[in-house]
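Printed here is start.cif (mmCIF, C-alpha atoms, pLDDT in the B column; chains and numbers go by the auth columns):
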```cif
data_structure
#
loop_
_atom_site.group_PDB
_atom_site.id
_atom_site.type_symbol
_atom_site.label_atom_id
_atom_site.label_comp_id
_atom_site.label_asym_id
_atom_site.label_seq_id
_atom_site.Cartn_x
_atom_site.Cartn_y
_atom_site.Cartn_z
_atom_site.B_iso_or_equiv
_atom_site.auth_seq_id
_atom_site.auth_asym_id
ATOM 1 C CA MET A 1 -70.669 -30.868 -19.135 53.00 53 A
ATOM 2 C CA SER A 2 -67.143 -29.757 -19.782 58.00 54 A
ATOM 3 C CA LYS A 3 -64.664 -31.741 -21.833 63.00 55 A
ATOM 4 C CA ALA A 4 -62.265 -31.951 -18.883 63.00 56 A
ATOM 5 C CA ARG A 5 -64.845 -33.709 -16.738 63.00 57 A
ATOM 6 C CA THR A 6 -65.853 -36.013 -19.581 64.00 58 A
ATOM 7 C CA SER A 7 -62.255 -36.967 -20.295 79.00 59 A
ATOM 8 C CA LYS A 8 -61.628 -37.625 -16.577 84.00 60 A
ATOM 9 C CA ALA A 9 -64.620 -39.959 -16.524 82.00 61 A
ATOM 10 C CA LEU A 10 -63.358 -41.775 -19.616 84.00 62 A
ATOM 11 C CA ILE A 11 -59.918 -42.142 -18.029 89.00 63 A
ATOM 12 C CA VAL A 12 -61.465 -43.565 -14.846 89.00 64 A
ATOM 13 C CA PHE A 13 -63.580 -46.054 -16.814 88.00 65 A
ATOM 14 C CA GLY A 14 -60.533 -47.024 -18.873 87.00 66 A
ATOM 15 C CA ILE A 15 -58.435 -47.595 -15.749 92.00 67 A
ATOM 16 C CA LEU A 16 -61.198 -49.662 -14.107 90.00 68 A
ATOM 17 C CA LEU A 17 -61.615 -51.724 -17.248 89.00 69 A
ATOM 18 C CA ALA A 18 -57.853 -52.293 -17.557 92.00 70 A
ATOM 19 C CA ILE A 19 -57.586 -53.333 -13.900 93.00 71 A
ATOM 20 C CA GLY A 20 -60.487 -55.742 -14.335 90.00 72 A
ATOM 21 C CA VAL A 21 -59.101 -57.299 -17.499 91.00 73 A
ATOM 22 C CA ILE A 22 -55.587 -57.679 -16.062 94.00 74 A
ATOM 23 C CA THR A 23 -56.986 -59.186 -12.857 91.00 75 A
ATOM 24 C CA THR A 24 -59.138 -61.612 -14.841 89.00 76 A
ATOM 25 C CA VAL A 25 -56.196 -62.757 -16.970 92.00 77 A
ATOM 26 C CA VAL A 26 -53.910 -63.183 -13.941 93.00 78 A
ATOM 27 C CA LEU A 27 -56.559 -65.142 -12.039 90.00 79 A
ATOM 28 C CA LEU A 28 -57.216 -67.286 -15.114 90.00 80 A
ATOM 29 C CA CYS A 29 -53.521 -68.141 -15.291 92.00 81 A
ATOM 30 C CA ILE A 30 -53.413 -68.918 -11.567 91.00 82 A
ATOM 31 C CA SER A 31 -56.610 -70.999 -11.703 88.00 83 A
ATOM 32 C CA GLU A 32 -55.028 -73.381 -14.199 88.00 84 A
ATOM 33 C CA LYS A 33 -52.624 -74.472 -11.450 89.00 85 A
ATOM 34 C CA ASN A 34 -55.037 -74.081 -8.516 86.00 86 A
ATOM 35 C CA PRO A 35 -58.782 -74.399 -9.313 83.00 87 A
ATOM 36 C CA VAL A 36 -59.690 -72.568 -6.090 83.00 88 A
ATOM 37 C CA TYR A 37 -59.095 -69.266 -7.908 85.00 89 A
ATOM 38 C CA LEU A 38 -61.711 -70.040 -10.558 83.00 90 A
ATOM 39 C CA ASP A 39 -64.487 -68.345 -8.543 82.00 91 A
ATOM 40 C CA TYR A 40 -62.353 -65.231 -8.145 85.00 92 A
ATOM 41 C CA MET A 41 -61.734 -65.204 -11.868 85.00 93 A
ATOM 42 C CA LEU A 42 -65.470 -65.429 -12.544 84.00 94 A
ATOM 43 C CA LEU A 43 -66.115 -62.538 -10.155 86.00 95 A
ATOM 44 C CA SER A 44 -63.437 -60.469 -11.844 88.00 96 A
ATOM 45 C CA PHE A 45 -64.884 -61.237 -15.270 88.00 97 A
ATOM 46 C CA GLY A 46 -68.325 -60.239 -13.991 89.00 98 A
ATOM 47 C CA ALA A 47 -66.863 -57.003 -12.633 89.00 99 A
ATOM 48 C CA VAL A 48 -65.467 -56.207 -16.088 90.00 100 A
ATOM 49 C CA SER A 49 -68.971 -56.630 -17.502 91.00 101 A
ATOM 50 C CA LEU A 50 -70.383 -54.420 -14.733 91.00 102 A
ATOM 51 C CA VAL A 51 -67.864 -51.668 -15.555 91.00 103 A
ATOM 52 C CA GLY A 52 -68.857 -52.029 -19.210 90.00 104 A
ATOM 53 C CA VAL A 53 -72.544 -51.608 -18.348 93.00 105 A
ATOM 54 C CA CYS A 54 -71.818 -48.562 -16.185 91.00 106 A
ATOM 55 C CA PHE A 55 -69.707 -47.072 -18.978 90.00 107 A
ATOM 56 C CA GLN A 56 -72.494 -47.550 -21.496 91.00 108 A
ATOM 57 C CA ILE A 57 -75.050 -45.949 -19.176 92.00 109 A
ATOM 58 C CA TYR A 58 -72.678 -43.010 -18.635 90.00 110 A
ATOM 59 C CA ILE A 59 -72.171 -42.542 -22.361 88.00 111 A
ATOM 60 C CA LYS A 60 -75.893 -42.698 -23.118 89.00 112 A
ATOM 61 C CA GLU A 61 -77.169 -40.547 -20.251 89.00 113 A
ATOM 62 C CA VAL A 62 -74.358 -38.008 -19.788 86.00 114 A
ATOM 63 C CA VAL A 63 -72.482 -37.689 -23.062 85.00 115 A
ATOM 64 C CA ILE A 64 -75.165 -38.314 -25.693 86.00 116 A
ATOM 65 C CA LYS A 65 -78.263 -37.069 -23.765 84.00 117 A
ATOM 66 C CA GLU A 66 -80.804 -35.576 -26.168 86.00 118 A
ATOM 67 C CA LYS A 67 -78.818 -36.612 -29.261 89.00 119 A
ATOM 68 C CA TRP A 68 -79.917 -40.227 -28.716 89.00 120 A
ATOM 69 C CA SER A 69 -82.838 -39.699 -31.088 90.00 121 A
ATOM 70 C CA GLU A 70 -80.397 -38.675 -33.842 92.00 122 A
ATOM 71 C CA ILE A 71 -78.516 -41.992 -33.696 91.00 123 A
ATOM 72 C CA PRO A 72 -79.531 -44.398 -36.491 93.00 124 A
ATOM 73 C CA LEU A 73 -81.542 -47.494 -35.643 94.00 125 A
ATOM 74 C CA VAL A 74 -78.570 -49.769 -36.393 95.00 126 A
ATOM 75 C CA GLY A 75 -76.418 -47.861 -33.878 91.00 127 A
ATOM 76 C CA LYS A 76 -79.138 -48.137 -31.228 92.00 128 A
ATOM 77 C CA ALA A 77 -79.534 -51.866 -31.913 95.00 129 A
ATOM 78 C CA ILE A 78 -75.785 -52.415 -31.535 94.00 130 A
ATOM 79 C CA TRP A 79 -75.752 -50.376 -28.309 92.00 131 A
ATOM 80 C CA TRP A 80 -78.669 -52.372 -26.853 94.00 132 A
ATOM 81 C CA PHE A 81 -77.101 -55.688 -27.924 95.00 133 A
ATOM 82 C CA ILE A 82 -73.818 -54.851 -26.182 93.00 134 A
ATOM 83 C CA PHE A 83 -75.676 -53.545 -23.117 94.00 135 A
ATOM 84 C CA THR A 84 -77.842 -56.673 -22.886 95.00 136 A
ATOM 85 C CA THR A 85 -74.978 -59.120 -23.340 94.00 137 A
ATOM 86 C CA ASN A 86 -72.803 -57.325 -20.761 92.00 138 A
ATOM 87 C CA SER A 87 -75.716 -57.273 -18.300 94.00 139 A
ATOM 88 C CA LEU A 88 -76.492 -60.955 -18.800 94.00 140 A
ATOM 89 C CA ASN A 89 -72.813 -61.869 -18.514 91.00 141 A
ATOM 90 C CA PHE A 90 -72.549 -59.940 -15.241 91.00 142 A
ATOM 91 C CA ILE A 91 -75.622 -61.715 -13.851 91.00 143 A
ATOM 92 C CA ASP A 92 -74.402 -65.123 -15.043 91.00 144 A
ATOM 93 C CA GLN A 93 -70.893 -64.758 -13.595 87.00 145 A
ATOM 94 C CA PHE A 94 -72.097 -63.596 -10.193 85.00 146 A
ATOM 95 C CA MET A 95 -74.796 -66.252 -9.993 86.00 147 A
ATOM 96 C CA THR A 96 -72.263 -68.900 -10.969 83.00 148 A
ATOM 97 C CA ALA A 97 -69.740 -67.689 -8.417 78.00 149 A
ATOM 98 C CA PHE A 98 -72.129 -67.246 -5.491 79.00 150 A
ATOM 99 C CA ILE A 99 -75.125 -69.528 -6.024 82.00 151 A
ATOM 100 C CA PHE A 100 -74.183 -72.466 -8.220 76.00 152 A
ATOM 101 C CA ARG A 101 -70.790 -73.295 -6.687 67.00 153 A
#
```
Translate the structure of the given file into structure tokens.
Amino acid sequence: MSKARTSKALIVFGILLAIGVITTVVLLCISEKNPVYLDYMLLSFGAVSLVGVCFQIYIKEVVIKEKWSEIPLVGKAIWWFIFTTNSLNFIDQFMTAFIFR
């Protein structure tokens, strides 16, 4: 994979993450005045976690590939911890927004 394509993917993930974070913050500020926007804020926060999970999968499967075995155990544990917490946060936010409200 060429560096140009990799850097384009990183730029796209960065833009998606920035849009999600900005949207979450704006909706959080709006939901303090009008609680109706709280569900939208939870969905936006879940979307940020989903982008994070997709980014981690991209990094592991496309960028690192066969070098994954060369990463120390501590690095793998940190990667799996971040992946698991982002996944669980995504599931929790969407379940809260759609099922429990």
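For the structure shown here, the set of residues caught by the PyMOL selection byres ((chain A and resi 122-134) around 12) is Ser101, Leu102, Gly104, Val105, Cys106, Phe107, Gln108, Ile109, Ile111, Lys112, Ile116, Lys117, Glu118, Lys119, Trp120, Ser121, Phe135, Thr136, Thr137, Asn138, Ser139, Leu140 and Asn141 of chain A.
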Inset, instruction - To one decimal in Å, tell me the separation between atom CA of Gln145 of chain A and atom CA of Tyr110 of chain A. - result: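 Going from atom CA of Gln145 of chain A over to atom CA of Tyr110 of chain A, I get 22.4 Å.
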Inset, instruction - Kindly give the distance, in Å, that separates atom CA of Phe97 of chain A and atom CA of Met147 of chain A, rounded to a single decimal. - result: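 Separation between atom CA of Phe97 of chain A and atom CA of Met147 of chain A: 12.3 Å.
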Inset, instruction - Taking the point (-56.8, -65.5, -16.3) as given in the file, collect each protein or nucleic acid residue that comes within 10 Å of it, counting only C-alpha atoms, and present the set as a ChimeraX atom specification. - result: /A:73-84,89-90,92-94,96-97
Legend entry - From A:Ile63, A:Ile71, A:Leu95, A:Val88, residue lying nearest Phe150 of chain A [only C-alpha atoms]: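 Smallest distance to Phe150 of chain A is found for A:Leu95.
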Legend entry - Residue nearest Gly98 of chain A among A:Ile143, A:Leu69, A:Val115, A:Val64 (counting all atoms listed in the file):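 Nearest to Gly98 of chain A: A:Ile143.
Compared by their closest atoms to Val103 of chain A, and using all atoms listed in the file, the residues A:Lys85, A:Asp91, A:Phe146, A:Gly66 rank with A:Gly66 nearest.
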Inset, instruction - Could you tell me how far atom CA of Val100 of chain A lies from atom CA of Asn86 of chain A, in Å and to one decimal? - result: 22.0 Å
Legend entry - Counting all atoms listed in the file, the residue of A:Phe65, A:Ala99, A:Lys60, A:Gly72 that sits nearest Ala149 of chain A: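 Result for the nearest residue to Ala149 of chain A: A:Ala99.
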For segment 90-94 of chain A, I'd like the enclosing box, axis-aligned and padded by 5 Å on every side, reported as lines of an AutoDock Vina configuration file with centre and edge lengths in Å to one decimal.
```
center_x = -63.6
center_y = -67.6
center_z = -10.3
size_x = 13.8
size_y = 14.8
size_z = 14.4
```
